[in-house]
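Heads up, the thing below is written out as structure tokens.
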Amino acid sequence: MKKIKFLDLESQKDRLNNTIELNIKKVLEHSKYIMGPEVKELELRLQKYTKAKYCVTCASGTDALILSLMSLNIGTNDIVICPSFTFPATAEAILITGAKPYFVDVGLDTFNICYKELEKILEKDYKKNKIKAIIAVDLFGLPANYTRLNKISKKYKINIIADGAQSFGGGLNNKKVGSLTKITCTSFFPAKPLGCYGDGGALFTDNKVISEKLVSLRAHGKGKSKYEISEIGLNSRLDSIQASILLAKLKIFNWELKERNKNANLYNKELKEYYHIPEIPKGSSSAWAQYTIRTRNRDKVLNFLNDKSIPTMIYYPVPMHMQPAYRKYNKYKNVLKNSLKLSKTVLSIPIHSFLSNSQKEYIILNLKKAYKLI
Ligand SMILES: Cc1ncc(COP(=O)(O)O)c(C=O)c1O
């Protein structure tokens with residue numbers, strides 16, 4: 001049996017049979033490295049895939065979050081709600097605009113923002129706290145509950161931003177991530193469901209005004225012409241080489257998604273008696289960026305799997321409200337119990353599309369053996 005990798009970008013590249021090399025070569029030939037034809041083509045392809053009216057690519061998932069907040073004029077004195085159990089970029093983007101994060105808890109089985117707690121906070125704090133937006137994170141690939149979140153948005157007139165960095169390809173009620181709420185941000189970091197060979201990101205919206213603002217903001221705030229500056233913006237463009245790589249990878253994207261779903265179903269079936277498995281609510285589909293189980297005796301399981309050469313990851317060992325740089329923003333005395341519990345019990349195992357049957361069997365067998373130890 002071949003060595004098990006947590007992520008297998010080499011096999012992915014082999015399966016694409018030189019398409020990536022050929023696409024890069026085309027860019028080298030036309031040499032339009034910034035905003036070349038591949039960038040426009042990719043935006044159109046992603047628009048079609050997600051059925052969002054507009055797609056604006058940018059330099060990273062983090063920039064997509066910053067740009068989304070800027071496009072809504074969110075900044076100093078504003079408050080933006082986000083889950084504590086997330087990757088740092090979610091909260092970092094809020095602070096970079098000058099706004100303050102308001103951390104809330106997540107559900108134990110979906111890992112996503114808890115809308116019940118959200119409603120409680122909004123009932124209590126809405127007016128005095130200047131809450132302007134909620135960034136919902138689609139953790140590990142599962143879209144947050146946008147049905148509820150969009151209702152909350154209407155009721156309290158608060159913008160919803162989807163941090164879909166991990167969920168491109170996922171969906172809810174027959175709609176794809178990208179068209180589930182007002183603005184969706186995604187990341188093309190290599191390990192993401194759709195990843196390039198460097199940094200990259202994109203935003204999706206159905207709102208023409210927001211999309212035009214994003215196009216301006218990602219290029220220094222350009223106005224009608226390049227040197228008429230109508231906004232304070234950023235330099236955040238996706239480059240043509242990365243776009244050409246993403247175009248190649250789109251060819252096998254749906255196949256990869258299907259394989260990860262099959263792997264998740266197999267893990268669910270085999271592991272549900274032994275570990276807490278991820279919950280996929282009715283009508284939702286996950287992009288399975290990660291397959292994450294929970295166990296009280298994580299260290300023992302980790303060590304056992306490590307001895308068997310099965311790679312694992314912990315996403316995330318410390319929730320944002322307990323991070324040294326962010327602790328001071330947890331001024332609302334929320335204990336965020338689930339986020340704390342998850343940080344001590346989660347464990348992600350390989351789920352990529354290139355795992356062989358024997359590798360999957362080996363992972364399952366050893367997780368069952370590890371259970372006996374705990
Ligand atoms: C939930 C989440 N948000 C934002 C980001 C930031 O994306 P990027 O690394 O492309 O800046 C990531 C990337 O890991 C992420 O997982």
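A note on labels: chains of the structure tokens are A, B, ... as shown, every chain counts residues from 1, and ligands are counted from 1 in their shown order.
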
Could you give me, as a PyMOL selection string, the residues within 12 Å of Leu365 in chain A, counting only C-alpha atoms and dropping anything in the same chain fewer than 4 positions from it?
chain A and resi 267+270-271+274+304-305+308+310+358-361+369-372

At a cut-off of 8 Å, can you tabulate as a Markdown table every residue of chain A near ligand 1 together with its closest atom pair and the distance in Å to one decimal, using only C-alpha atoms and all ligand atoms and ordering rows by chain then number?
| residue | atom | partner | partner_atom_place_in_ligand_line | distance |
| --- | --- | --- | --- | --- |
| A:Ala59 | CA | ligand 1 | 10 (O) | 7.7 |
| A:Ser60 | CA | ligand 1 | 10 (O) | 4.0 |
| A:Gly61 | CA | ligand 1 | 10 (O) | 3.4 |
| A:Thr62 | CA | ligand 1 | 11 (O) | 3.6 |
| A:Asp63 | CA | ligand 1 | 11 (O) | 6.4 |
| A:Ala64 | CA | ligand 1 | 11 (O) | 7.8 |
| A:Leu65 | CA | ligand 1 | 4 (C) | 7.3 |
| A:Thr86 | CA | ligand 1 | 1 (C) | 5.7 |
| A:Phe87 | CA | ligand 1 | 1 (C) | 4.8 |
| A:Pro88 | CA | ligand 1 | 3 (N) | 7.1 |
| A:Ala89 | CA | ligand 1 | 4 (C) | 4.8 |
| A:Thr90 | CA | ligand 1 | 3 (N) | 5.2 |
| A:Val137 | CA | ligand 1 | 1 (C) | 5.8 |
| A:Asp138 | CA | ligand 1 | 1 (C) | 6.9 |
| A:Leu139 | CA | ligand 1 | 1 (C) | 6.2 |
| A:Phe140 | CA | ligand 1 | 16 (O) | 8.0 |
| A:Asp163 | CA | ligand 1 | 3 (N) | 5.7 |
| A:Gly164 | CA | ligand 1 | 1 (C) | 6.8 |
| A:Ala165 | CA | ligand 1 | 2 (C) | 4.8 |
| A:Gln166 | CA | ligand 1 | 16 (O) | 5.6 |
| A:Thr186 | CA | ligand 1 | 7 (O) | 7.2 |
| A:Ser187 | CA | ligand 1 | 10 (O) | 4.2 |
| A:Phe188 | CA | ligand 1 | 10 (O) | 5.7 |
| A:Phe189 | CA | ligand 1 | 10 (O) | 4.8 |
| A:Lys192 | CA | ligand 1 | 14 (O) | 7.6 |
| A:Asp199 | CA | ligand 1 | 10 (O) | 5.7 |
| A:Gly200 | CA | ligand 1 | 10 (O) | 5.8 |
| A:Gly201 | CA | ligand 1 | 10 (O) | 5.8 |

Smallest atom-to-atom distance to Lys208 in chain A: which of A:Lys40, A:Lys53, A:His220, A:Lys258, using only C-alpha atoms?
A:Lys53

Need to verify the contact set: range 336-340 of chain A, 12 Å, only C-alpha atoms, exclusion of same-chain residues closer than 2 positions in sequence. Can you return it as a PyMOL selection string?
chain A and resi 83-86+102-114+117+294+315-323+330+332-334+342-346

With N, CA and C atoms retained, export the selected residues as a CSV table (one decimal), in the first residue's frame.
chain,number,residue,atom,x,y,z
A,83,PRO,N,-18.1,33.4,13.9
A,83,PRO,CA,-17.9,32.3,14.9
A,83,PRO,C,-16.5,32.3,15.5
A,84,SER,N,-16.4,31.8,16.7
A,84,SER,CA,-15.0,31.8,17.3
A,84,SER,C,-14.2,30.6,16.7
A,85,PHE,N,-15.0,29.5,16.4
A,85,PHE,CA,-14.3,28.3,15.9
A,85,PHE,C,-14.1,28.4,14.4
A,86,THR,N,-13.0,29.1,14.0
A,86,THR,CA,-12.7,29.3,12.6
A,86,THR,C,-11.3,29.5,12.4
A,102,TYR,N,-17.2,40.2,17.0
A,102,TYR,CA,-18.1,39.8,18.1
A,102,TYR,C,-18.2,38.3,17.9
A,103,PHE,N,-17.5,37.6,18.8
A,103,PHE,CA,-17.4,36.1,18.6
A,103,PHE,C,-18.7,35.4,19.2
A,104,VAL,N,-19.2,34.5,18.4
A,104,VAL,CA,-20.3,33.7,18.9
A,104,VAL,C,-20.0,32.2,18.7
A,105,ASP,N,-20.8,31.4,19.3
A,105,ASP,CA,-20.5,29.9,19.4
A,105,ASP,C,-21.0,29.2,18.1
A,106,VAL,N,-20.6,28.0,18.0
A,106,VAL,CA,-21.0,27.1,16.9
A,106,VAL,C,-21.7,25.9,17.4
A,107,GLY,N,-22.4,25.2,16.5
A,107,GLY,CA,-23.0,23.9,16.8
A,107,GLY,C,-21.9,22.8,16.9
A,108,LEU,N,-22.1,21.9,17.8
A,108,LEU,CA,-21.1,20.8,18.0
A,108,LEU,C,-21.0,19.8,16.9
A,109,ASP,N,-22.1,19.6,16.2
A,109,ASP,CA,-22.1,18.6,15.1
A,109,ASP,C,-22.0,19.1,13.7
A,110,THR,N,-22.3,20.4,13.5
A,110,THR,CA,-22.1,21.0,12.2
A,110,THR,C,-20.9,21.8,12.1
A,111,PHE,N,-20.4,22.2,13.3
A,111,PHE,CA,-19.2,23.1,13.4
A,111,PHE,C,-19.5,24.6,12.9
A,112,ASN,N,-20.8,24.8,12.6
A,112,ASN,CA,-21.1,26.1,12.0
A,112,ASN,C,-21.8,27.0,13.0
A,113,ILE,N,-21.9,28.3,12.7
A,113,ILE,CA,-22.4,29.3,13.6
A,113,ILE,C,-23.8,28.9,14.1
A,114,CYS,N,-24.0,29.2,15.4
A,114,CYS,CA,-25.3,28.8,16.0
A,114,CYS,C,-26.3,29.9,15.9
A,117,GLU,N,-28.2,31.2,19.1
A,117,GLU,CA,-27.4,32.1,19.9
A,117,GLU,C,-27.4,33.5,19.2
A,294,ARG,N,-14.9,13.7,16.3
A,294,ARG,CA,-14.6,14.2,17.7
A,294,ARG,C,-14.4,13.0,18.6
A,315,TYR,N,-7.8,20.9,13.2
A,315,TYR,CA,-8.4,22.2,12.8
A,315,TYR,C,-9.6,22.5,13.8
A,316,TYR,N,-9.5,23.4,14.8
A,316,TYR,CA,-8.4,24.2,15.1
A,316,TYR,C,-8.1,24.1,16.6
A,317,PRO,N,-6.9,24.1,17.0
A,317,PRO,CA,-6.6,23.8,18.5
A,317,PRO,C,-6.9,24.8,19.5
A,318,VAL,N,-7.1,26.1,19.0
A,318,VAL,CA,-7.5,27.2,19.9
A,318,VAL,C,-8.6,28.0,19.2
A,319,PRO,N,-9.7,28.2,19.9
A,319,PRO,CA,-10.8,29.0,19.2
A,319,PRO,C,-10.3,30.5,19.2
A,320,MET,N,-10.9,31.3,18.3
A,320,MET,CA,-10.4,32.6,18.1
A,320,MET,C,-10.5,33.5,19.4
A,321,HIS,N,-11.6,33.3,20.2
A,321,HIS,CA,-11.8,34.1,21.4
A,321,HIS,C,-10.8,33.9,22.5
A,322,MET,N,-10.0,32.8,22.3
A,322,MET,CA,-9.0,32.4,23.3
A,322,MET,C,-7.5,32.7,22.8
A,323,GLN,N,-7.4,33.2,21.5
A,323,GLN,CA,-6.1,33.4,21.0
A,323,GLN,C,-5.5,34.7,21.6
A,330,ASN,N,-13.1,39.6,23.3
A,330,ASN,CA,-14.2,38.7,23.8
A,330,ASN,C,-14.8,39.4,25.0
A,332,TYR,N,-17.7,40.3,25.7
A,332,TYR,CA,-19.2,40.1,26.0
A,332,TYR,C,-19.4,39.0,27.0
A,333,LYS,N,-18.3,38.5,27.6
A,333,LYS,CA,-18.4,37.4,28.6
A,333,LYS,C,-19.1,36.1,28.1
A,334,ASN,N,-19.0,35.9,26.8
A,334,ASN,CA,-19.5,34.7,26.3
A,334,ASN,C,-18.5,33.6,26.5
A,342,LEU,N,-14.8,21.8,21.1
A,342,LEU,CA,-14.3,21.4,19.8
A,342,LEU,C,-12.8,21.5,19.7
A,343,SER,N,-12.3,22.6,20.1
A,343,SER,CA,-10.8,22.8,20.0
A,343,SER,C,-10.0,21.7,20.7
A,344,LYS,N,-10.7,21.1,21.7
A,344,LYS,CA,-10.0,20.0,22.5
A,344,LYS,C,-10.3,18.6,22.0
A,345,THR,N,-11.3,18.5,21.1
A,345,THR,CA,-11.7,17.1,20.7
A,345,THR,C,-11.7,16.8,19.2
A,346,VAL,N,-11.5,17.8,18.4
A,346,VAL,CA,-11.6,17.5,16.9
A,346,VAL,C,-10.3,16.9,16.4

Can you list, as a JSON list (two decimals) with C-alpha atoms, in the first residue's frame, every protein, DNA or RNA residue that comes within 10 Å of Glu256 in chain A when you count only C-alpha atoms, leaving out same-chain residues fewer than 3 positions away?
[["chain", "number", "residue", "atom", "x", "y", "z"],
["A", 12, "GLN", "CA", -4.32, 15.30, -8.81],
["A", 193, "PRO", "CA", -11.64, 22.10, -2.55],
["A", 194, "LEU", "CA", -10.68, 24.15, -5.63],
["A", 249, "LYS", "CA", -8.54, 21.81, -12.25],
["A", 250, "LEU", "CA", -12.20, 22.60, -12.97],
["A", 251, "LYS", "CA", -12.12, 19.71, -15.46],
["A", 252, "ILE", "CA", -12.02, 17.17, -12.64],
["A", 253, "PHE", "CA", -13.63, 19.26, -9.89],
["A", 259, "GLU", "CA", -15.21, 10.95, -4.63],
["A", 260, "ARG", "CA", -14.88, 12.94, -1.40],
["A", 261, "ASN", "CA", -18.62, 12.52, -0.82],
["A", 262, "LYS", "CA", -18.29, 8.75, -1.30],
["A", 287, "ALA", "CA", -17.59, 20.14, -0.25],
["A", 352, "HIS", "CA", -9.03, 13.36, -0.61],
["A", 353, "SER", "CA", -10.25, 11.84, -3.87],
["A", 354, "PHE", "CA", -7.10, 9.82, -4.54]]

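You can rank A:Ile66, A:Lys300, A:Ala52, A:Lys32 by their closest distance to Thr181 in chain A using only C-alpha atoms, and at the top of that list sits A:Ala52.
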
Going by DSSP on the backbone, which bits of range 99-332 of chain A are strand (DSSP E)? Write them as a PyMOL selection string, please.
chain A and resi 100-104+131-137+159-163+171-172+175-176+183-187+201-205+284-285+291-294

Go through A:Asn306, A:Gln290, A:Asn159, A:Ser179 one by one, measure the shortest atom-to-atom distance of each to Ile277 in chain A using only C-alpha atoms, and give the residue with the smallest value.
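Under the stated criterion, the closest residue is A:Gln290.
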
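Atom pair CA of Ile210 in chain A / CA of Leu67 in chain A has a distance of 10.1 Å (rounded to one decimal).
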
May I ask which of the residues A:Thr205, A:Asn366, A:Asn265, A:Ser230 is the closest one to Gln47 in chain A, counting only C-alpha atoms?
A:Thr205

With only C-alpha atoms as the atoms that count, which of A:Ile183, A:Leu238, A:Leu367, A:Leu28 lies nearest to Ser71 in chain A?
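Of A:Ile183, A:Leu238, A:Leu367, A:Leu28, the one nearest Ser71 in chain A, counting only C-alpha atoms, is A:Ile183.
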
Within 8 Å of Gly169 in chain A, counting only C-alpha atoms, which residues show up once you throw out same-chain ones fewer than 2 positions away? Write them as a ChimeraX atom specification, please.
/A:167,171,176-177,193,254,257,286-287

Selection export as an mmCIF file, in the first residue's frame, atoms kept: N, CA and C atoms:
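again.cif written:
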data_model
loop_
_atom_site.group_PDB
_atom_site.id
_atom_site.type_symbol
_atom_site.label_atom_id
_atom_site.label_comp_id
_atom_site.auth_asym_id
_atom_site.auth_seq_id
_atom_site.Cartn_x
_atom_site.Cartn_y
_atom_site.Cartn_z
ATOM 1 N N SER A 167 -15.763 25.810 1.302
ATOM 2 C CA SER A 167 -16.996 25.143 0.867
ATOM 3 C C SER A 167 -17.311 25.272 -0.623
ATOM 4 N N GLY A 171 -23.394 22.934 -1.254
ATOM 5 C CA GLY A 171 -24.676 23.556 -1.613
ATOM 6 C C GLY A 171 -25.730 23.416 -0.542
ATOM 7 N N LYS A 176 -25.906 26.330 -5.183
ATOM 8 C CA LYS A 176 -24.486 26.141 -4.876
ATOM 9 C C LYS A 176 -23.959 27.267 -3.988
ATOM 10 N N VAL A 177 -22.921 26.961 -3.224
ATOM 11 C CA VAL A 177 -22.188 28.000 -2.496
ATOM 12 C C VAL A 177 -21.777 29.058 -3.526
ATOM 13 N N PRO A 193 -10.978 22.982 -1.572
ATOM 14 C CA PRO A 193 -11.640 22.095 -2.547
ATOM 15 C C PRO A 193 -11.273 22.451 -4.001
ATOM 16 N N ASN A 254 -15.815 18.249 -10.332
ATOM 17 C CA ASN A 254 -17.040 17.529 -9.929
ATOM 18 C C ASN A 254 -16.748 16.074 -9.587
ATOM 19 N N LEU A 257 -15.235 16.046 -6.151
ATOM 20 C CA LEU A 257 -16.288 16.303 -5.166
ATOM 21 C C LEU A 257 -17.066 15.011 -4.877
ATOM 22 N N SER A 286 -21.960 18.974 1.501
ATOM 23 C CA SER A 286 -20.657 19.512 1.904
ATOM 24 C C SER A 286 -19.656 19.366 0.768
ATOM 25 N N ALA A 287 -18.696 20.282 0.711
ATOM 26 C CA ALA A 287 -17.594 20.144 -0.254
ATOM 27 C C ALA A 287 -16.493 19.260 0.347
#

Who sits within 12 Å of Ile131 in chain A, only C-alpha atoms, same chain under 4 positions skipped, as a count of residues only
30

Which one of A:Lys154, A:Ser356, A:Phe204, A:Leu142 sits closest to Leu46 in chain A if you count only C-alpha atoms?
A:Phe204

Apply DSSP to the structure's backbone, then extract all residues of range 110-221 of chain A labelled helix (DSSP H, G or I) and return them as a PyMOL selection string.
chain A and resi 115-129+139-141+146-156+208-217

Go ahead and save the picked residues with N, CA and C atoms, as a compact mmCIF listing (two decimals), in the first residue's frame.
# COMPACT_ATOMS: atom_id res chain seq x y z
N TYR A 115 -27.33 29.66 15.02
CA TYR A 115 -28.26 30.76 14.74
C TYR A 115 -29.15 31.09 15.94
N LYS A 116 -29.35 30.10 16.83
CA LYS A 116 -30.18 30.38 18.01
C LYS A 116 -29.47 31.39 18.92
N GLU A 117 -28.19 31.18 19.09
CA GLU A 117 -27.41 32.12 19.92
C GLU A 117 -27.37 33.49 19.24
N LEU A 118 -27.26 33.45 17.93
CA LEU A 118 -27.22 34.68 17.13
C LEU A 118 -28.49 35.51 17.37
N GLU A 119 -29.64 34.84 17.32
CA GLU A 119 -30.91 35.55 17.52
C GLU A 119 -30.96 36.15 18.92
N LYS A 120 -30.48 35.38 19.90
CA LYS A 120 -30.50 35.89 21.29
C LYS A 120 -29.66 37.16 21.38
N ILE A 121 -28.49 37.12 20.77
CA ILE A 121 -27.59 38.28 20.83
C ILE A 121 -28.23 39.49 20.13
N LEU A 122 -28.84 39.23 18.98
CA LEU A 122 -29.40 40.34 18.21
C LEU A 122 -30.61 40.96 18.92
N GLU A 123 -31.40 40.13 19.58
CA GLU A 123 -32.54 40.66 20.35
C GLU A 123 -32.04 41.61 21.41
N LYS A 124 -30.93 41.19 22.03
CA LYS A 124 -30.43 41.88 23.21
C LYS A 124 -29.57 43.09 22.84
N ASP A 125 -28.69 42.90 21.86
CA ASP A 125 -27.61 43.86 21.67
C ASP A 125 -27.67 44.69 20.40
N TYR A 126 -28.64 44.42 19.55
CA TYR A 126 -28.55 44.97 18.21
C TYR A 126 -28.30 46.47 18.15
N LYS A 127 -29.18 47.26 18.78
CA LYS A 127 -29.05 48.71 18.58
C LYS A 127 -27.78 49.27 19.20
N LYS A 128 -27.54 48.86 20.45
CA LYS A 128 -26.41 49.52 21.10
C LYS A 128 -25.04 49.09 20.55
N ASN A 129 -25.00 47.98 19.91
CA ASN A 129 -23.67 47.50 19.52
C ASN A 129 -23.26 47.72 18.06
N LEU A 139 -17.69 25.83 7.73
CA LEU A 139 -16.51 25.10 8.19
C LEU A 139 -16.44 23.67 7.63
N PHE A 140 -15.25 23.32 7.23
CA PHE A 140 -14.91 21.98 6.70
C PHE A 140 -15.67 21.65 5.42
N GLY A 141 -16.37 22.65 4.86
CA GLY A 141 -17.05 22.44 3.58
C GLY A 141 -18.55 22.48 3.64
N TYR A 146 -27.96 29.04 5.82
CA TYR A 146 -28.31 30.33 5.20
C TYR A 146 -29.81 30.55 5.13
N THR A 147 -30.62 29.50 5.23
CA THR A 147 -32.06 29.70 5.25
C THR A 147 -32.39 30.57 6.47
N ARG A 148 -31.87 30.17 7.64
CA ARG A 148 -32.09 30.93 8.86
C ARG A 148 -31.35 32.27 8.81
N LEU A 149 -30.11 32.21 8.35
CA LEU A 149 -29.29 33.43 8.37
C LEU A 149 -29.89 34.53 7.48
N ASN A 150 -30.43 34.14 6.33
CA ASN A 150 -31.03 35.15 5.44
C ASN A 150 -32.27 35.76 6.08
N LYS A 151 -33.00 34.94 6.87
CA LYS A 151 -34.17 35.47 7.59
C LYS A 151 -33.71 36.47 8.65
N ILE A 152 -32.65 36.11 9.35
CA ILE A 152 -32.08 37.01 10.37
C ILE A 152 -31.64 38.32 9.71
N SER A 153 -31.05 38.19 8.54
CA SER A 153 -30.58 39.37 7.80
C SER A 153 -31.74 40.33 7.49
N LYS A 154 -32.85 39.75 7.07
CA LYS A 154 -34.03 40.57 6.73
C LYS A 154 -34.59 41.22 7.98
N LYS A 155 -34.75 40.41 9.04
CA LYS A 155 -35.39 40.89 10.25
C LYS A 155 -34.60 42.03 10.90
N TYR A 156 -33.27 41.89 10.95
CA TYR A 156 -32.47 42.87 11.67
C TYR A 156 -31.72 43.84 10.74
N LYS A 208 -25.39 44.04 -8.42
CA LYS A 208 -24.56 44.69 -9.43
C LYS A 208 -23.67 45.78 -8.81
N VAL A 209 -24.27 46.56 -7.91
CA VAL A 209 -23.53 47.68 -7.31
C VAL A 209 -22.34 47.14 -6.51
N ILE A 210 -22.59 46.07 -5.74
CA ILE A 210 -21.49 45.48 -4.96
C ILE A 210 -20.43 44.92 -5.90
N SER A 211 -20.85 44.25 -6.96
CA SER A 211 -19.85 43.65 -7.86
C SER A 211 -18.99 44.73 -8.51
N GLU A 212 -19.62 45.86 -8.88
CA GLU A 212 -18.84 46.94 -9.50
C GLU A 212 -17.86 47.54 -8.49
N LYS A 213 -18.32 47.63 -7.26
CA LYS A 213 -17.44 48.17 -6.22
C LYS A 213 -16.25 47.22 -5.97
N LEU A 214 -16.53 45.93 -6.01
CA LEU A 214 -15.45 44.95 -5.80
C LEU A 214 -14.42 45.02 -6.92
N VAL A 215 -14.90 45.20 -8.15
CA VAL A 215 -13.98 45.30 -9.29
C VAL A 215 -13.07 46.52 -9.11
N SER A 216 -13.63 47.59 -8.59
CA SER A 216 -12.84 48.79 -8.34
C SER A 216 -11.87 48.57 -7.16
N LEU A 217 -12.42 48.04 -6.05
CA LEU A 217 -11.62 47.89 -4.82
C LEU A 217 -10.42 46.96 -5.00

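Rounded to one decimal, CA of Gly170 in chain A and CA of Asn235 in chain A lie 28.8 Å from each other.
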